[in-house]
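J.: Have a look at this one before I ask anything.
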Amino acid sequence: MDRPRITIFDTTLRDGEQSPGCSMNVQEKLRLAQQLDRLGVDVIEAGFPIASDGDFEAVQRISALVRRPIIAGLARACKGDIDRAWQALQGAARPRIHVFLATSDIHLKYKLRISREQCLEQARESVRHAKSLCADVEFSPEDATRTEVSFLCQVVEAVIAAGATTVNIPDTVGYSMPQEYGQLIRTLREKVAGIENVTISTHCHNDLGLAVANSLAGVQEGARQVECTINGIGERAGNASLEEIAMAMRVRRDRYPYETGIASEHIYPSSQMLAEITRVPVQPNKAITGRNAFAHEAGIHQDGVLKNPLTYEIMTPQSVGVPDSRLVLGKHSGRHALALRCEQLGHPFERRELDEVYRKFVVLADRIKKVQDIHLLELIEEVKAAGKKIPPAGAGLPFTRAASAAGGTNETHSLSFPAPVPGGASPGVPVAVGDHHGEQEDYLWGV
Ligand code: KIV
Ligand code: ZN
């Protein structure tokens with residue numbers, strides 16, 4: 001069965017760039033726009049052309065260079081802004097003018113100092129003008145979620161009649177709750193004449209940490225475009241995060257039976273590129289793109305993930321372009337994860353040697369929070385240097401991920417190795433693992 005397609009409107013280069021410390025120059029924007037193209041976004045909001053010459057140039061050059069997605073330019077609801085946006089979009093294969101005007105009483109009274117009637121008229125007129133230039137016109141009633149609902153319906157109906165093709169409903173100040181935001185979309189669909197002919201869009205800010213939840217609630221009520229940014233950057237607490245929206249829909253298809261055009265393996269590279277360009281690092285525990293998103297420190301988790309990643313991972317790191325699942329070695333780590341890391345560093349250990357490495361590792365991990373590869377290599381050197389003094393182990397088999405996956409108690413097991421490990425031994429040979437450090441201890445370290 002065909003699933004409804006959700007348009008992913010990326011505003012990293014416009015709303016995202018409004019984050020403190022996230023401004024980008026033209027070259028940087030061009031680089032990121034090409035990456036967004038690879039990522040598969042449907043719309044790139046390339047900038048706000050009236051805001052500066054740099055923004056104008058960025059929109060102009062992205063329009064010329066990036067041909068597949070729609071390129072949108074933002075404009076306030078006035079002729080000068082709209083004309084400037086249109087000028088910047090001239091070379092675009094698929095241009096869109098995005099017009100916005102605040103509609104909440106609080107904005108009308110204190111910011112714009114206009115009446116509701118004036119607002120309605122300005123919205124209608126500006127969309128009419130944009131439509132005379134460009135077939136694809138989006139309108140956003142800024143602060144929609146704090147706008148009196150019947151007035152919001154009036155404005156939305158007027159801009160649709162004037163030619164808007166997408167109506168975006170911004171939760172500008174991140175005030176809405178998911179149920180409330182979903183209900184607002186439902187009300188618009190029920191009450192506004194002509195709404196069935198346009199795309200309803202979400203644009204949620206994250207002031208209460210609900211931007212993604214609100215966007216998904218909007219989609220469930222019929223919104224078919226989501227505005228979002230890489231790493232969730234944007235004004236104040238940011239916008240809905242693109243990677244969270246895309247992966248929520250992918251991982252929970254059962255709840256969100258929709259499709260997006262996102263090529264998820266480009267998510268992590270896009271996130272890294274943005275962080276590199278802006279020099280704003282991704283928060284370590286950020287969902288999907290944070291460095292801890294696929295890291296497992298507790299021994300119990302490491303052991304589970306090594307046996308089967310499904311135990312603690314709901315998506316593979318590879319599916320979002322993370323090169324490898326990283327096991328963080330710290331004081332809660334078990335011998336299983338330590339053995340794997342040593343092996344990855346080119347040092348497969350037999351059981352007795354691993355015990356020695358593990359003992360030293362535990363002492364070190366108690367002192368420093370995170371044991372990095374460099375520390376581990378030093379430690380391995382120490383153990384190897386003292387190695388001659390270590391009596392040879394019974395069977396002399398390396399303790400590997402595959403070995404441990406085959407059994408985990410203090411008993412003798414017949415281990416089956418799917419493939420020989422570097423420097424390892426032959427498959428199917430029994431090994432004694434019953435000394436004082438057993439798998440049980442791994443478990444305890446993880447508690
Ligand atoms: O948050 C907002 O209201 C906006 C509009 C310009 C769409 O960014
Ligand atoms: Zn915004």
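Order determines the names: the first chain of the structure tokens is A, the second B, and so forth; residues in each chain are numbered 1 upward, and ligands are numbered 1 upward as they are shown.
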Which residues of chain A come within 9 Å of ligand 1, and what is each one's closest atom pair and distance in Å (one decimal), counting only C-alpha atoms and all ligand atoms, sorted by chain and residue number, as CSV?
T.:
residue,atom,partner,partner_atom_place_in_ligand_line,distance
A:Thr11,CA,ligand 1,8 (O),8.7
A:Arg14,CA,ligand 1,8 (O),8.3
A:Asp15,CA,ligand 1,8 (O),5.8
A:Leu74,CA,ligand 1,6 (C),7.3
A:Ala75,CA,ligand 1,6 (C),8.3
A:Arg76,CA,ligand 1,6 (C),8.1
A:His98,CA,ligand 1,7 (C),8.1
A:Val99,CA,ligand 1,6 (C),7.8
A:Phe100,CA,ligand 1,6 (C),5.6
A:Leu101,CA,ligand 1,6 (C),7.8
A:Ala102,CA,ligand 1,3 (O),7.8
A:Phe139,CA,ligand 1,7 (C),8.2
A:Ser140,CA,ligand 1,7 (C),5.3
A:Pro141,CA,ligand 1,3 (O),7.2
A:Glu142,CA,ligand 1,3 (O),4.2
A:Asp143,CA,ligand 1,3 (O),5.6
A:Ala144,CA,ligand 1,3 (O),7.7
A:Asn168,CA,ligand 1,7 (C),7.2
A:Ile169,CA,ligand 1,7 (C),7.8
A:Pro170,CA,ligand 1,3 (O),4.8
A:Asp171,CA,ligand 1,1 (O),6.3
A:Thr172,CA,ligand 1,1 (O),3.7
A:Val173,CA,ligand 1,1 (O),6.9
A:Gly174,CA,ligand 1,1 (O),8.6
A:His203,CA,ligand 1,1 (O),6.6
A:Cys204,CA,ligand 1,1 (O),7.1
A:His205,CA,ligand 1,1 (O),6.7
A:Glu227,CA,ligand 1,7 (C),8.8
A:Gly234,CA,ligand 1,8 (O),8.7
A:Glu235,CA,ligand 1,1 (O),7.7
A:Asn239,CA,ligand 1,1 (O),8.2
J.: Put those residues in a file: C-alpha atoms, as a PDB file, in the first residue's frame.
T.:
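In the end it all went to part-v5.pdb:
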ATOM      1  CA  THR A  11      15.502  25.417   7.104  1.00  0.00           C
ATOM      2  CA  ARG A  14      17.614  30.134   7.307  1.00  0.00           C
ATOM      3  CA  ASP A  15      16.012  29.501  10.712  1.00  0.00           C
ATOM      4  CA  LEU A  74      11.892  33.950   2.905  1.00  0.00           C
ATOM      5  CA  ALA A  75      10.128  37.314   2.733  1.00  0.00           C
ATOM      6  CA  ARG A  76       8.104  39.450   5.093  1.00  0.00           C
ATOM      7  CA  HIS A  98       7.872  31.931   1.499  1.00  0.00           C
ATOM      8  CA  VAL A  99       5.906  34.866   2.900  1.00  0.00           C
ATOM      9  CA  PHE A 100       5.285  35.334   6.609  1.00  0.00           C
ATOM     10  CA  LEU A 101       3.230  37.696   8.730  1.00  0.00           C
ATOM     11  CA  ALA A 102       2.481  37.493  12.438  1.00  0.00           C
ATOM     12  CA  PHE A 139       2.465  31.470   3.680  1.00  0.00           C
ATOM     13  CA  SER A 140       3.259  31.351   7.399  1.00  0.00           C
ATOM     14  CA  PRO A 141       1.063  33.068   9.996  1.00  0.00           C
ATOM     15  CA  GLU A 142       3.839  33.697  12.496  1.00  0.00           C
ATOM     16  CA  ASP A 143       2.966  32.798  16.095  1.00  0.00           C
ATOM     17  CA  ALA A 144       0.036  30.765  14.751  1.00  0.00           C
ATOM     18  CA  ASN A 168       2.715  26.586   7.279  1.00  0.00           C
ATOM     19  CA  ILE A 169       1.575  26.691  10.924  1.00  0.00           C
ATOM     20  CA  PRO A 170       4.475  27.913  13.064  1.00  0.00           C
ATOM     21  CA  ASP A 171       4.689  27.260  16.755  1.00  0.00           C
ATOM     22  CA  THR A 172       7.038  30.217  16.744  1.00  0.00           C
ATOM     23  CA  VAL A 173       7.709  30.334  20.465  1.00  0.00           C
ATOM     24  CA  GLY A 174       7.576  26.587  21.144  1.00  0.00           C
ATOM     25  CA  HIS A 203       7.159  24.505  11.865  1.00  0.00           C
ATOM     26  CA  CYS A 204       7.791  23.837  15.543  1.00  0.00           C
ATOM     27  CA  HIS A 205      10.296  25.405  17.885  1.00  0.00           C
ATOM     28  CA  GLU A 227       9.981  22.143   8.550  1.00  0.00           C
ATOM     29  CA  GLY A 234      17.423  27.359  15.141  1.00  0.00           C
ATOM     30  CA  GLU A 235      16.189  30.370  17.041  1.00  0.00           C
ATOM     31  CA  ASN A 239      13.677  23.861  15.531  1.00  0.00           C
TER      32      ASN A 239
END
J.: Pick out each residue of segment 196-421 of chain A that DSSP on the backbone tags as alpha helix (DSSP H); I need them as an MDAnalysis selection string.
T.: chainID A and resid 211:220 242:251 267:278 299:307 335:344 351:367 373:385 401:405
J.: Skip Gln183 of chain A itself and residues of its chain fewer than 6 positions away, then list as a list of chain:residue names all residues within 9 Å of it, counting only C-alpha atoms.
T.: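 Neighbouring residues, sequence-local ones excluded: A:Ala217, A:Gly218, A:Glu221.
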J.: Which neighbours of Cys22 of chain A fall inside 10 Å, counting only C-alpha atoms, when residues of the same chain fewer than 6 positions from it are skipped, and could you give them as a ChimeraX atom specification?
T.: /A:12-13,16,233-234,274-275,277-280
J.: For segment 120-122 of chain A, please output as number ranges by chain all residues within 7 Å (counting only C-alpha atoms; exclusion window: fewer than 3 positions along the same chain).
T.: A: 77, 116-117, 125-126, 155
J.: Near Ile71 of chain A, counting only C-alpha atoms, which residues have an atom at most 7 Å away, once you skip same-chain residues fewer than 4 positions from it, shown as a list in words?
T.: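 Non-adjacent residues within range: Val43, Ile44, Glu45, Ala46, Ser63, Ala92, Arg94, Pro95 and Arg96 of chain A.
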J.: Restricted to C-alpha atoms, what would the selected residues look like written as a PDB file, in the first residue's frame?
T.:
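And here is the file that came out, result_27.pdb:
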ATOM      1  CA  VAL A  43      12.863  21.855   0.038  1.00  0.00           C
ATOM      2  CA  ILE A  44      15.893  23.915   1.040  1.00  0.00           C
ATOM      3  CA  GLU A  45      15.072  27.268   2.599  1.00  0.00           C
ATOM      4  CA  ALA A  46      18.271  28.915   1.478  1.00  0.00           C
ATOM      5  CA  SER A  63      19.480  28.343  -6.770  1.00  0.00           C
ATOM      6  CA  ALA A  92      16.250  28.246  -9.408  1.00  0.00           C
ATOM      7  CA  ARG A  94      12.037  25.037  -8.679  1.00  0.00           C
ATOM      8  CA  PRO A  95      11.665  28.358  -6.809  1.00  0.00           C
ATOM      9  CA  ARG A  96       9.367  29.009  -3.870  1.00  0.00           C
TER      10      ARG A  96
END
J.: Pick out each residue of segment 59-204 of chain A that DSSP on the backbone tags as strand (DSSP E or B); I need them as a VMD selection string.
T.: chain A and resid 70 to 76 95 to 102 137 to 142 166 to 171 199 to 204
J.: Go ahead and compute the interatomic distance for atom CA of Glu356 of chain A and atom CA of Ala295 of chain A, in Å to one decimal.
T.: 24.9 Å
J.: Pick out the closest residue to ligand 2 from this set: A:Arg186, A:Lys131, A:Arg236, A:Lys370. Count only C-alpha atoms and all ligand atoms.
T.: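 Under the stated criterion, the closest residue is A:Arg236.
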J.: Select, from A:Ala263, A:Leu210, A:Ala365, A:Val328, the residue with the minimum atom-to-atom distance to Arg38 of chain A, counting only C-alpha atoms.
T.: A:Ala263
J.: Set the distance at 8 Å and use only C-alpha atoms: which residues neighbour segment 192-196 of chain A once local chain neighbours fewer than 5 positions away are removed? I'd like the list as a short mmCIF file (atom, residue, chain, number, x, y, z; two decimals) with all heavy atoms, in the first residue's frame.
T.:
data_model
loop_
_atom_site.label_atom_id
_atom_site.label_comp_id
_atom_site.auth_asym_id
_atom_site.auth_seq_id
_atom_site.Cartn_x
_atom_site.Cartn_y
_atom_site.Cartn_z
N CYS A 153 -8.06 30.86 11.19
CA CYS A 153 -8.80 30.22 10.09
C CYS A 153 -9.12 31.24 8.99
O CYS A 153 -8.99 30.95 7.80
CB CYS A 153 -10.11 29.61 10.60
SG CYS A 153 -9.84 28.15 11.61
N GLN A 154 -9.49 32.44 9.42
CA GLN A 154 -9.81 33.50 8.45
C GLN A 154 -8.60 33.83 7.58
O GLN A 154 -8.70 33.97 6.37
CB GLN A 154 -10.19 34.75 9.24
CG GLN A 154 -11.59 35.26 9.01
CD GLN A 154 -11.78 36.55 9.80
OE1 GLN A 154 -11.54 36.58 11.02
NE2 GLN A 154 -12.19 37.61 9.14
N VAL A 156 -5.88 32.01 7.05
CA VAL A 156 -5.48 30.87 6.21
C VAL A 156 -6.40 30.77 4.99
O VAL A 156 -5.95 30.57 3.86
CB VAL A 156 -5.45 29.57 7.05
CG1 VAL A 156 -5.28 28.35 6.16
CG2 VAL A 156 -4.31 29.63 8.07
N GLU A 157 -7.67 30.96 5.23
CA GLU A 157 -8.63 30.89 4.11
C GLU A 157 -8.34 31.99 3.08
O GLU A 157 -8.35 31.76 1.87
CB GLU A 157 -10.06 31.01 4.65
CG GLU A 157 -11.09 30.57 3.66
CD GLU A 157 -12.44 30.32 4.33
OE1 GLU A 157 -12.50 29.52 5.29
OE2 GLU A 157 -13.43 30.94 3.89
N ILE A 160 -5.17 31.21 1.01
CA ILE A 160 -5.40 30.12 0.04
C ILE A 160 -6.14 30.70 -1.17
O ILE A 160 -5.77 30.46 -2.32
CB ILE A 160 -6.20 28.96 0.68
CG1 ILE A 160 -5.33 28.25 1.74
CG2 ILE A 160 -6.65 27.96 -0.38
CD1 ILE A 160 -6.06 27.20 2.57
N ALA A 161 -7.14 31.52 -0.89
CA ALA A 161 -7.89 32.14 -2.00
C ALA A 161 -6.98 33.03 -2.83
O ALA A 161 -7.17 33.17 -4.05
CB ALA A 161 -9.06 32.95 -1.43
#
J.: Give me, please, the distance in Å between atom CA of Ser215 of chain A and atom CA of Thr202 of chain A, quoted to one decimal.
T.: 5.7 Å
J.: Between atom CA of Tyr258 of chain A and atom CA of Pro178 of chain A, what distance in Å does the model show, to one decimal?
T.: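 These two atoms are separated by 18.4 Å.
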J.: Name the closest residue to ligand 2 among the candidates A:Leu112, A:Ile6, A:Ala58, A:Cys228; distances are taken between atoms, counting only C-alpha atoms and all ligand atoms.
T.: A:Cys228
